[in-house]
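Participant: Got coords-v5.csv for you, CSV, C-alpha atoms:
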chain,number,residue,atom,x,y,z
A,223,MET,CA,44.7,96.1,23.4
A,224,ALA,CA,47.9,94.1,23.5
A,225,SER,CA,48.4,94.8,19.8
A,226,SER,CA,48.2,98.6,20.4
A,227,MET,CA,50.7,98.3,23.3
A,228,ASN,CA,53.2,96.5,21.0
A,229,ILE,CA,52.9,99.3,18.4
A,230,GLU,CA,53.5,102.0,21.0
A,231,SER,CA,56.5,100.2,22.4
A,232,SER,CA,58.0,99.9,19.0
A,233,LEU,CA,57.6,103.7,18.6
A,234,GLU,CA,59.3,104.4,21.9
A,235,GLU,CA,61.9,101.7,22.2
A,236,GLY,CA,65.0,101.4,20.0
A,237,THR,CA,65.3,98.5,17.6
A,238,THR,CA,68.5,97.9,15.6
A,239,ILE,CA,67.8,98.2,11.9
A,240,GLN,CA,70.9,96.5,10.5
A,241,ASN,CA,69.8,93.0,9.5
A,242,GLY,CA,71.3,89.9,8.3
A,243,LYS,CA,71.0,90.8,4.6
A,244,LEU,CA,73.5,93.6,5.0
A,245,ALA,CA,76.1,91.4,6.7
A,246,SER,CA,78.4,88.8,5.4
A,247,THR,CA,79.1,86.8,8.5
A,248,ALA,CA,77.1,84.2,10.4
A,249,GLU,CA,77.4,86.2,13.6
A,250,ALA,CA,75.6,89.2,11.9
A,251,ASN,CA,72.8,86.9,10.7
A,252,ASP,CA,72.3,85.7,14.2
A,253,LYS,CA,71.6,89.3,15.3
A,254,LYS,CA,68.8,89.8,12.8
A,255,LYS,CA,66.1,91.9,14.4
A,256,PRO,CA,62.8,90.3,15.3
A,257,ILE,CA,59.8,91.4,13.3
A,258,ASN,CA,57.3,93.6,15.1
A,259,TRP,CA,54.1,92.1,13.7
A,260,PRO,CA,51.6,94.8,14.9
A,261,LEU,CA,53.8,97.5,13.3
A,262,LEU,CA,54.2,95.4,10.2
A,263,LEU,CA,50.5,94.9,9.8
A,264,LEU,CA,49.8,98.6,10.4
A,265,SER,CA,52.4,99.5,7.7
A,266,CYS,CA,50.7,97.0,5.3
A,267,ALA,CA,47.3,98.6,6.0
A,268,PHE,CA,48.7,102.1,5.3
A,269,MET,CA,50.4,100.8,2.1
A,270,ALA,CA,47.1,99.3,0.9
A,271,ILE,CA,45.1,102.4,1.5
A,272,GLY,CA,47.6,104.6,-0.3
A,273,ALA,CA,48.5,102.2,-3.2
A,274,ILE,CA,44.9,101.8,-4.1
A,275,GLY,CA,43.5,105.3,-3.4
A,276,GLY,CA,46.5,107.4,-4.6
A,277,PRO,CA,46.5,106.3,-8.3
A,278,LEU,CA,42.7,106.5,-8.5
A,279,LEU,CA,42.6,110.1,-7.2
A,280,SER,CA,45.5,111.1,-9.3
A,281,ARG,CA,43.8,109.7,-12.4
A,282,LEU,CA,40.5,111.4,-11.3
A,283,TYR,CA,42.3,114.8,-11.4
A,284,PHE,CA,43.3,114.2,-15.1
A,285,ILE,CA,39.9,112.7,-16.2
A,286,HIS,CA,37.9,115.8,-15.3
A,287,GLY,CA,40.1,118.4,-16.8
A,288,GLY,CA,43.3,118.6,-14.7
A,289,SER,CA,46.3,119.0,-16.9
A,290,ARG,CA,49.1,120.4,-14.7
A,291,LYS,CA,51.7,117.6,-14.3
A,292,TRP,CA,53.6,119.3,-11.5
A,293,VAL,CA,50.4,119.8,-9.5
A,294,SER,CA,49.6,116.1,-9.7
A,295,THR,CA,53.3,115.4,-8.8
A,296,ILE,CA,53.3,117.5,-5.6
A,297,THR,CA,50.2,115.7,-4.3
A,298,GLN,CA,52.3,112.6,-3.9
A,299,THR,CA,54.4,114.1,-1.2
A,300,GLY,CA,52.5,117.4,-0.3
A,301,GLY,CA,50.5,115.6,2.4
A,302,CYS,CA,53.5,115.4,4.7
A,303,PRO,CA,52.3,118.0,7.3
A,304,ILE,CA,49.9,115.3,8.6
A,305,LEU,CA,53.0,113.6,10.0
A,306,PHE,CA,53.4,116.4,12.5
A,307,ILE,CA,50.3,115.0,14.4
A,308,PRO,CA,51.9,111.6,15.4
A,309,LEU,CA,55.3,113.3,15.8
A,310,PHE,CA,53.8,115.8,18.2
A,311,PHE,CA,52.2,113.0,20.2
A,312,LEU,CA,55.5,111.1,20.3
A,313,TYR,CA,57.5,114.2,21.3
A,314,SER,CA,55.1,114.7,24.2
A,315,ARG,CA,55.7,111.1,25.4
A,316,HIS,CA,59.5,111.7,24.9
A,317,ARG,CA,59.6,114.7,27.1
A,318,SER,CA,57.7,112.9,29.9
A,319,ASN,CA,60.3,110.1,29.8
A,320,PRO,CA,63.8,111.4,30.6
A,321,GLN,CA,65.3,108.0,29.9
A,322,SER,CA,64.0,107.7,26.4
A,323,PRO,CA,66.6,107.8,23.5
A,324,HIS,CA,67.3,110.8,21.3
A,325,PHE,CA,64.1,112.2,19.6
A,326,LEU,CA,65.6,113.9,16.5
A,327,ILE,CA,67.3,111.8,13.9
A,328,GLU,CA,71.0,112.2,13.4
A,329,PRO,CA,72.3,114.8,10.9
A,330,LYS,CA,73.6,112.3,8.4
A,331,LEU,CA,70.1,110.7,8.1
A,332,PHE,CA,68.7,114.2,7.6
A,333,PHE,CA,71.2,114.8,4.8
A,334,PHE,CA,70.5,111.4,3.1
A,335,SER,CA,66.7,112.0,3.3
A,336,ALA,CA,67.2,115.4,1.6
A,337,ILE,CA,69.1,113.9,-1.3
A,338,ILE,CA,66.7,111.0,-1.7
A,339,GLY,CA,63.8,113.5,-1.4
A,340,VAL,CA,64.9,115.5,-4.4
A,341,LEU,CA,65.2,112.2,-6.4
A,342,LEU,CA,61.8,111.2,-5.2
A,343,GLY,CA,60.3,114.5,-6.5
A,344,ILE,CA,61.7,113.8,-10.0
A,345,ASP,CA,60.5,110.2,-9.9
A,346,ASN,CA,57.0,111.4,-8.9
A,347,PHE,CA,56.9,113.7,-11.9
A,348,LEU,CA,57.8,110.8,-14.2
A,349,TYR,CA,54.9,108.8,-12.6
A,350,ALA,CA,52.4,111.7,-12.8
A,351,LEU,CA,53.2,112.5,-16.5
A,352,GLY,CA,53.0,108.8,-17.4
A,353,LEU,CA,49.7,108.4,-15.6
A,354,SER,CA,48.2,111.3,-17.6
A,355,TYR,CA,48.5,109.1,-20.7
A,356,LEU,CA,47.6,105.7,-19.2
A,357,PRO,CA,44.7,103.9,-17.5
A,358,VAL,CA,45.2,103.3,-13.8
A,359,SER,CA,45.2,99.5,-14.4
A,360,THR,CA,48.0,99.7,-16.9
A,361,SER,CA,50.0,102.2,-14.9
A,362,SER,CA,49.7,100.0,-11.8
A,363,MET,CA,51.0,96.9,-13.6
A,364,LEU,CA,54.0,98.9,-14.9
A,365,ILE,CA,54.7,100.3,-11.4
A,366,ALA,CA,54.5,96.7,-10.0
A,367,THR,CA,57.6,95.9,-12.1
A,368,GLN,CA,59.6,97.9,-9.6
A,369,LEU,CA,60.0,94.5,-7.8
A,370,ALA,CA,62.4,93.5,-10.6
A,371,PHE,CA,64.4,96.8,-10.2
A,372,VAL,CA,64.3,96.5,-6.4
A,373,ALA,CA,65.8,93.0,-6.7
A,374,VAL,CA,68.6,94.2,-8.9
A,375,PHE,CA,69.5,97.3,-6.8
A,376,SER,CA,69.1,95.4,-3.5
A,377,ARG,CA,71.7,93.0,-4.8
A,378,ILE,CA,74.1,95.9,-5.6
A,379,ILE,CA,73.4,98.2,-2.7
A,380,VAL,CA,72.4,96.0,0.3
A,381,ARG,CA,73.9,92.6,-0.9
A,382,GLN,CA,70.5,90.9,-1.2
A,383,LYS,CA,71.1,87.3,-2.3
A,384,PHE,CA,69.5,86.0,-5.5
A,385,THR,CA,67.9,82.6,-5.8
A,386,PRO,CA,66.5,80.8,-8.8
A,387,PHE,CA,63.0,81.8,-7.6
A,388,SER,CA,63.8,85.5,-7.3
A,389,ILE,CA,65.4,85.5,-10.8
A,390,ASN,CA,62.3,83.7,-12.2
A,391,SER,CA,60.1,86.3,-10.5
A,392,VAL,CA,62.0,89.2,-12.1
A,393,VAL,CA,61.8,87.6,-15.5
A,394,LEU,CA,58.1,87.0,-15.3
A,395,MET,CA,57.2,90.4,-14.2
A,396,SER,CA,59.4,92.0,-16.8
A,397,LEU,CA,57.6,89.9,-19.5
A,398,GLY,CA,54.3,91.3,-18.2
A,399,SER,CA,55.4,94.9,-18.7
A,400,VAL,CA,56.7,94.1,-22.2
A,401,LEU,CA,53.4,92.5,-23.1
A,402,LEU,CA,51.6,95.7,-22.1
A,403,GLY,CA,53.9,97.8,-24.2
A,404,LEU,CA,53.5,95.7,-27.3
A,405,ARG,CA,49.8,95.3,-27.2
A,406,GLY,CA,48.5,98.6,-25.8
A,407,ASN,CA,46.6,100.0,-28.8
A,408,GLY,CA,43.2,98.9,-27.5
A,409,ASP,CA,43.9,100.3,-24.0
A,410,ARG,CA,44.4,104.0,-24.8
A,411,PRO,CA,42.2,106.4,-22.9
A,412,PRO,CA,40.1,108.7,-25.1
A,413,GLY,CA,42.1,111.6,-26.6
A,414,VAL,CA,45.5,109.9,-26.1
A,415,THR,CA,47.5,109.2,-29.2
A,416,GLY,CA,49.6,106.1,-29.8
A,417,LYS,CA,52.8,108.1,-29.3
A,418,GLU,CA,51.5,109.6,-26.0
A,419,TYR,CA,50.6,106.1,-24.9
A,420,LEU,CA,54.2,104.8,-25.5
A,421,VAL,CA,55.6,107.9,-23.8
A,422,GLY,CA,53.4,107.2,-20.7
A,423,PHE,CA,54.5,103.5,-20.8
A,424,PHE,CA,58.2,104.3,-20.7
A,425,LEU,CA,57.8,107.1,-18.2
A,426,ASN,CA,55.9,104.8,-15.8
A,427,LEU,CA,58.5,102.1,-16.4
A,428,GLY,CA,61.3,104.6,-15.7
A,429,SER,CA,59.5,105.7,-12.5
A,430,ALA,CA,59.4,102.0,-11.4
A,431,ALA,CA,63.1,101.8,-12.0
A,432,VAL,CA,63.9,104.9,-10.0
A,433,MET,CA,61.7,103.7,-7.2
A,434,GLY,CA,63.5,100.4,-7.3
A,435,PHE,CA,66.7,102.3,-6.7
A,436,ILE,CA,65.3,104.5,-3.9
A,437,TRP,CA,63.9,101.7,-1.7
A,438,PRO,CA,67.3,99.9,-1.2
A,439,CYS,CA,69.0,103.3,-0.7
A,440,ILE,CA,66.6,104.0,2.2
A,441,GLU,CA,67.3,100.6,3.6
A,442,LEU,CA,71.0,101.3,3.4
A,443,CYS,CA,70.5,104.7,5.2
A,444,TYR,CA,68.8,102.8,8.0
A,445,ALA,CA,71.7,100.4,8.2
A,446,LYS,CA,74.3,103.2,8.3
A,447,ALA,CA,72.7,105.0,11.2
A,448,THR,CA,75.0,105.4,14.2
A,449,ARG,CA,72.2,105.5,16.7
A,450,VAL,CA,69.6,102.8,17.3
A,451,LEU,CA,66.6,103.5,15.2
A,452,ASN,CA,62.9,103.4,16.2
A,453,TYR,CA,59.7,104.1,14.3
A,454,THR,CA,59.8,107.8,15.4
A,455,SER,CA,63.0,108.1,13.4
A,456,VAL,CA,61.2,106.5,10.4
A,457,LEU,CA,58.5,109.1,10.6
A,458,GLN,CA,61.0,111.9,10.7
A,459,PHE,CA,62.9,110.4,7.8
A,460,GLN,CA,59.7,110.3,5.8
A,461,LEU,CA,58.8,113.9,6.8
A,462,ASN,CA,62.2,115.1,5.5
A,463,LEU,CA,61.9,113.0,2.4
A,464,SER,CA,58.5,114.4,1.5
A,465,MET,CA,59.4,118.0,2.4
A,466,PHE,CA,62.4,118.0,0.0
A,467,ALA,CA,60.5,116.2,-2.7
A,468,SER,CA,57.7,118.8,-2.3
A,469,ILE,CA,60.1,121.7,-2.4
A,470,THR,CA,61.6,120.3,-5.7
A,471,CYS,CA,58.1,120.1,-7.1
A,472,PHE,CA,57.1,123.6,-5.8
A,473,ILE,CA,60.1,125.2,-7.5
A,474,ALA,CA,59.2,123.5,-10.8
A,475,MET,CA,55.6,124.8,-10.3
A,476,LEU,CA,56.9,128.3,-9.9
A,477,ILE,CA,59.0,128.0,-13.1
A,478,ASN,CA,56.1,126.5,-15.0
A,479,LYS,CA,53.6,129.1,-13.6
A,480,ASP,CA,51.3,126.4,-12.3
A,481,LEU,CA,50.1,128.4,-9.3
A,482,GLN,CA,48.4,131.0,-11.6
A,483,ALA,CA,47.1,128.3,-13.9
A,484,MET,CA,45.5,126.4,-10.9
A,485,GLN,CA,43.0,129.2,-10.3
A,486,ARG,CA,41.7,129.0,-13.9
A,487,GLU,CA,41.9,125.2,-13.9
A,488,SER,CA,39.8,124.9,-10.6
A,489,ARG,CA,37.0,127.1,-12.1
A,490,GLU,CA,36.9,124.9,-15.3
A,491,TYR,CA,37.2,121.6,-13.5
A,492,GLY,CA,34.5,119.1,-14.5
A,493,LEU,CA,33.5,118.2,-10.9
A,494,GLY,CA,33.4,121.8,-9.7
A,495,GLN,CA,35.8,124.1,-7.9
A,496,THR,CA,35.2,122.6,-4.4
A,497,MET,CA,35.8,119.0,-5.7
A,498,TYR,CA,39.0,120.2,-7.4
A,499,VAL,CA,40.4,121.0,-3.9
A,500,VAL,CA,39.0,117.9,-2.4
A,501,VAL,CA,40.5,115.6,-5.0
A,502,LEU,CA,44.0,117.2,-4.6
A,503,VAL,CA,43.8,117.1,-0.7
A,504,CYS,CA,42.5,113.6,-0.5
A,505,GLY,CA,45.1,112.5,-3.1
A,506,SER,CA,47.9,114.1,-1.0
A,507,VAL,CA,46.7,112.2,2.2
A,508,ALA,CA,46.3,108.9,0.3
A,509,TRP,CA,49.8,109.1,-1.2
A,510,GLN,CA,51.3,110.0,2.2
A,511,PHE,CA,49.8,106.7,3.6
A,512,THR,CA,51.7,104.9,0.8
A,513,PHE,CA,55.1,106.3,1.7
A,514,VAL,CA,54.6,105.9,5.4
A,515,GLY,CA,53.6,102.3,4.9
A,516,ALA,CA,56.5,101.7,2.6
A,517,LEU,CA,59.1,103.1,4.9
A,518,GLY,CA,57.5,101.1,7.7
A,519,LEU,CA,57.8,97.9,5.7
A,520,ILE,CA,61.5,98.6,5.0
A,521,PHE,CA,62.0,99.3,8.7
A,522,CYS,CA,60.3,96.1,9.8
A,523,VAL,CA,61.6,93.7,7.0
A,524,GLY,CA,63.5,95.2,4.1
A,525,SER,CA,63.2,96.9,0.7
A,526,LEU,CA,62.6,93.7,-1.2
A,527,PHE,CA,59.6,92.8,0.9
A,528,ASN,CA,58.2,96.3,0.2
A,529,GLY,CA,58.5,95.7,-3.5
A,530,ILE,CA,56.8,92.3,-3.1
A,531,PHE,CA,53.9,93.8,-1.2
A,532,THR,CA,53.5,96.5,-3.8
A,533,SER,CA,53.0,93.7,-6.3
A,534,VAL,CA,50.6,91.9,-4.1
A,535,LEU,CA,48.3,95.0,-4.1
A,536,LEU,CA,48.2,95.0,-7.9
A,537,PRO,CA,45.0,92.9,-8.3
A,538,LEU,CA,43.2,95.2,-5.8
A,539,THR,CA,44.2,98.3,-7.7
A,540,GLU,CA,43.2,96.6,-11.0
A,541,VAL,CA,39.7,95.8,-9.7
A,542,ALA,CA,39.2,99.3,-8.2
A,543,ALA,CA,40.2,101.0,-11.5
A,544,VAL,CA,37.8,98.7,-13.5
A,545,ILE,CA,35.0,99.4,-11.1
A,546,ALA,CA,35.6,103.2,-10.6
A,547,TYR,CA,36.5,104.2,-14.2
A,548,HIS,CA,35.1,101.3,-16.3
A,549,GLU,CA,38.5,100.7,-17.7
A,550,LYS,CA,39.0,97.9,-20.2
A,551,PHE,CA,40.4,94.6,-18.9
A,552,ASN,CA,41.4,92.9,-22.1
A,553,GLY,CA,43.3,89.6,-22.7
A,554,GLU,CA,46.7,91.3,-22.7
A,555,LYS,CA,46.1,92.8,-19.3
A,556,GLY,CA,44.9,89.5,-18.0
A,557,MET,CA,48.0,87.7,-19.3
A,558,ALA,CA,50.2,90.5,-17.8
A,559,LEU,CA,48.4,90.2,-14.5
A,560,ALA,CA,48.9,86.4,-14.5
A,561,LEU,CA,52.6,86.8,-15.2
A,562,CYS,CA,53.0,89.3,-12.3
A,563,LEU,CA,51.1,87.1,-9.9
A,564,TRP,CA,53.1,84.1,-11.1
A,565,GLY,CA,56.2,86.0,-10.5
A,566,PHE,CA,55.1,87.0,-7.0
A,567,THR,CA,54.2,83.4,-6.2
A,568,SER,CA,57.5,82.2,-7.4
A,569,TYR,CA,59.4,84.7,-5.1
A,570,PHE,CA,57.2,83.9,-2.1
A,571,PHE,CA,57.7,80.2,-2.5
A,572,GLY,CA,61.4,80.7,-2.8
A,573,GLU,CA,61.5,82.7,0.4
A,574,TYR,CA,59.5,80.0,2.1
A,575,GLN,CA,61.9,77.4,1.0
A,576,ASN,CA,64.9,79.5,2.2
A,577,ASN,CA,63.4,80.2,5.6
A,578,LYS,CA,62.6,76.5,6.0
A,579,LYS,CA,66.2,75.6,5.2
A,580,ALA,CA,67.5,78.3,7.5
A,581,LYS,CA,65.4,77.1,10.4
A,582,ALA,CA,66.5,73.5,9.8
A,583,ALA,CA,70.2,74.6,9.8
A,584,ALA,CA,69.8,76.6,13.0
A,585,LEU,CA,68.1,73.7,14.7
A,586,SER,CA,70.9,71.3,13.6
A,587,ILE,CA,73.5,73.7,15.0
A,588,LYS,CA,71.6,74.0,18.3
A,589,GLU,CA,71.4,70.2,18.6
A,590,GLN,CA,75.1,69.8,17.9
A,591,ASP,CA,75.9,72.4,20.6
A,592,GLN,CA,73.7,70.6,23.1
A,593,TYR,CA,75.4,67.3,22.2
A,594,ASN,CA,78.9,68.7,22.6
Could the structure of this file be written out as structure tokens, please?

Facilitator:
Amino acid sequence: MASSMNIESSLEEGTTIQNGKLASTAEANDKKKPINWPLLLLSCAFMAIGAIGGPLLSRLYFIHGGSRKWVSTITQTGGCPILFIPLFFLYSRHRSNPQSPHFLIEPKLFFFSAIIGVLLGIDNFLYALGLSYLPVSTSSMLIATQLAFVAVFSRIIVRQKFTPFSINSVVLMSLGSVLLGLRGNGDRPPGVTGKEYLVGFFLNLGSAAVMGFIWPCIELCYAKATRVLNYTSVLQFQLNLSMFASITCFIAMLINKDLQAMQRESREYGLGQTMYVVVLVCGSVAWQFTFVGALGLIFCVGSLFNGIFTSVLLPLTEVAAVIAYHEKFNGEKGMALALCLWGFTSYFFGEYQNNKKAKAAALSIKEQDQYN
């Protein structure tokens, strides 16, 4: 009960989003916002549901006869109308409390979310097209390399500091993706040529790079907000993001005449016409959980942690793909998985060491102040 009260308070009350990573002074570091643990755990749960269920359902669409790449793409953001449910609830609470802060996000955040949304729509197409040529397990490991790109772009965009541990993590996870690319001949799904496999490999790797750029950009948008942000603002940002990404995909579907093709495709779908709709709708909901969880992690901690948690979910997605689709799990995949987990462990240990030193330094300063 206390946990649910903490989550509700985080939705209503403002919490400053600008954190120590974006500042260059000791004073800014002292003002680093506290972590809302119930909200963080809820975001982790949403992320886990979407990160595992989304790729499996997207692959299911292709396995049983789906072939429209933009249709698969729009499912990644097309579930955004479900966000109106919590937003309506929060708006009702807002109207009953005259002293609550502004409900609607400020115009510049709306503008930023529109631009990033268009970029997200393009990135989702890269992912969907790549997934049509790759097993879920291989695709998931490639997407997990976004941690390396997040680390690089976080350094450039939000001044994230590098440590020997984070550099080691980036190198190890990059080696894992290279290993998959070099030894992927025995991993190709039936009907996929070697050329198509390589195309899918580089498309998913490119998608990871674009997402690695998008997450720090979102963190920067939060930091540049004039008003104090709360989780209601995060949900609105996500709604705008998904809407503009979906509009981009819908325009591409019209140009590609996918709407007409969907009627024929649904009749010929291997699992039946009803299951065709179910797969697309459930996939849309699952992917929406992914993005809501991701933006929640960025809000609570930061973009780099979001990339790390994505990598943590990798083994679960791997196991789910092997169980659901009987995908091969050969030695190359095992080595790539080991490198990714080693990279994550290296980063996590480095963060633990840094936090330990920071606490010791803060305690030393406090003791000196008391002595003086």

Participant: Quick check, in Å to one decimal: how far apart do atom CA of A:Ile257 and atom CA of A:Val372 lie?

Facilitator: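 Spanning atom CA of A:Ile257 to atom CA of A:Val372 is a straight-line distance of 20.8 Å.
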
Participant: Can you check which parts of stretch 271-332 of chain A lie within 12 Å of stretch 436-453 of chain A? Per residue, the shortest pair of atoms and distance in Å to one decimal, counting all atoms listed in the file, sorted by chain and number, as a tab-separated table.

Facilitator:
residue	atom	partner	partner_atom	distance
A:Pro308	CA	A:Tyr453	CA	10.9
A:Leu309	CA	A:Tyr453	CA	10.3
A:Leu312	CA	A:Tyr453	CA	10.1
A:Ser322	CA	A:Asn452	CA	11.1
A:Pro323	CA	A:Val450	CA	8.5
A:His324	CA	A:Arg449	CA	8.6
A:Phe325	CA	A:Asn452	CA	9.5
A:Leu326	CA	A:Leu451	CA	10.5
A:Ile327	CA	A:Leu451	CA	8.4
A:Glu328	CA	A:Arg449	CA	7.6
A:Pro329	CA	A:Ala447	CA	9.8
A:Lys330	CA	A:Ala447	CA	7.9
A:Leu331	CA	A:Cys443	CA	6.7
A:Phe332	CA	A:Cys443	CA	10.0

Participant: Counting only C-alpha atoms, figure out which residue out of A:Gln460, A:Ala373, A:Asn319, A:Gly352 gets nearest to A:Leu420.

Facilitator: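 Of A:Gln460, A:Ala373, A:Asn319, A:Gly352, the one nearest A:Leu420, counting only C-alpha atoms, is A:Gly352.
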
Participant: When distances are computed from all atoms listed in the file, which of A:Ala483, A:Val534, A:Cys522, A:Ala542 shows the smallest separation from A:Leu278?

Facilitator: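 Using all atoms listed in the file, A:Leu278 sits closest to A:Ala542.
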
Participant: For the interface of stretch 459-548 of chain A with stretch 365-368 of chain A (cut-off 12 Å, counting only C-alpha atoms), please tabulate each contacting residue of stretch 459-548 of chain A alongside its nearest pair of atoms and their separation in Å to one decimal, rows sorted by chain and increasing number, as a Markdown table.

Facilitator:
| residue | atom | partner | partner_atom | distance |
| --- | --- | --- | --- | --- |
| A:Ser525 | CA | A:Gln368 | CA | 11.0 |
| A:Leu526 | CA | A:Gln368 | CA | 9.9 |
| A:Phe527 | CA | A:Gln368 | CA | 11.7 |
| A:Asn528 | CA | A:Gln368 | CA | 10.0 |
| A:Gly529 | CA | A:Gln368 | CA | 6.6 |
| A:Ile530 | CA | A:Ala366 | CA | 8.5 |
| A:Phe531 | CA | A:Ala366 | CA | 9.3 |
| A:Thr532 | CA | A:Ala366 | CA | 6.3 |
| A:Ser533 | CA | A:Ala366 | CA | 5.0 |
| A:Val534 | CA | A:Ala366 | CA | 8.5 |
| A:Leu535 | CA | A:Ala366 | CA | 8.7 |
| A:Leu536 | CA | A:Ala366 | CA | 6.9 |
| A:Pro537 | CA | A:Ala366 | CA | 10.4 |
| A:Thr539 | CA | A:Ala366 | CA | 10.7 |
| A:Glu540 | CA | A:Ala366 | CA | 11.3 |

Participant: Residues as selected, C-alpha atoms, written as a PDB file, in the coordinates of the input, can you do that?

Facilitator:
ATOM      1  CA  SER A 525      63.200  96.900   0.700  1.00  0.00           C
ATOM      2  CA  LEU A 526      62.600  93.700  -1.200  1.00  0.00           C
ATOM      3  CA  PHE A 527      59.600  92.800   0.900  1.00  0.00           C
ATOM      4  CA  ASN A 528      58.200  96.300   0.200  1.00  0.00           C
ATOM      5  CA  GLY A 529      58.500  95.700  -3.500  1.00  0.00           C
ATOM      6  CA  ILE A 530      56.800  92.300  -3.100  1.00  0.00           C
ATOM      7  CA  PHE A 531      53.900  93.800  -1.200  1.00  0.00           C
ATOM      8  CA  THR A 532      53.500  96.500  -3.800  1.00  0.00           C
ATOM      9  CA  SER A 533      53.000  93.700  -6.300  1.00  0.00           C
ATOM     10  CA  VAL A 534      50.600  91.900  -4.100  1.00  0.00           C
ATOM     11  CA  LEU A 535      48.300  95.000  -4.100  1.00  0.00           C
ATOM     12  CA  LEU A 536      48.200  95.000  -7.900  1.00  0.00           C
ATOM     13  CA  PRO A 537      45.000  92.900  -8.300  1.00  0.00           C
ATOM     14  CA  THR A 539      44.200  98.300  -7.700  1.00  0.00           C
ATOM     15  CA  GLU A 540      43.200  96.600 -11.000  1.00  0.00           C
TER      16      GLU A 540
END

Participant: Give as a PyMOL selection string every residue, naming chains and numbers as the document does, that has an atom within 10 Å of (62.1, 115.2, -10.3), counting only C-alpha atoms.

Facilitator: chain A and resi 292+295+339-349+467-468+470-471+474

Participant: Enter the distance from atom CA of A:Val541 to atom CA of A:Ser361, in Å, rounded to one decimal.

Facilitator: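 Atom CA of A:Ser361 lies 13.2 Å from atom CA of A:Val541.
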
Participant: Neighbouring residues of stretch 484-487 of chain A were defined as those with any atom within 8 Å, considering all atoms listed in the file; residues of the same chain fewer than 6 positions away were excluded. Please report them as a JSON list (two decimals) with C-alpha atoms, in the frame of the given file.

Facilitator:
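And here is the file that came out, selection21.json:
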[["chain", "number", "residue", "atom", "x", "y", "z"],
["A", 287, "GLY", "CA", 40.10, 118.40, -16.80],
["A", 288, "GLY", "CA", 43.30, 118.60, -14.70],
["A", 290, "ARG", "CA", 49.10, 120.40, -14.70]]

Participant: Here is a test: counting all atoms listed in the file, which residue of A:Val514, A:Thr454, A:Glu589, A:Ala370 is nearest to A:Phe311?

Facilitator: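 For A:Phe311, the nearest of the candidates is A:Thr454.
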
Participant: Pick out the closest residue to A:Gly518 from this set: A:Leu279, A:Ile587, A:Leu397, A:Leu262. Count only C-alpha atoms.

Facilitator: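 Closest to A:Gly518, using only C-alpha atoms: A:Leu262.
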
Participant: Quick one: distance from atom CA of A:His316 to atom CA of A:Ile304 in Å, one decimal?

Facilitator: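 The value is 19.3 Å.
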
Participant: Go through A:Val414, A:Ala516, A:Leu481, A:Met557 one by one, measure the shortest atom-to-atom distance of each to A:Leu457 using only C-alpha atoms, and give the residue with the smallest value.

Facilitator: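 Comparing A:Val414, A:Ala516, A:Leu481, A:Met557 against A:Leu457, the winner is A:Ala516.
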
Participant: Between A:Thr297, A:Ser354, A:Thr385, A:Ser464, which residue has the minimum interatomic distance to A:Ile337, considering only C-alpha atoms?

Facilitator: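 Once distances to A:Ile337 are computed over only C-alpha atoms, the minimum belongs to A:Ser464.
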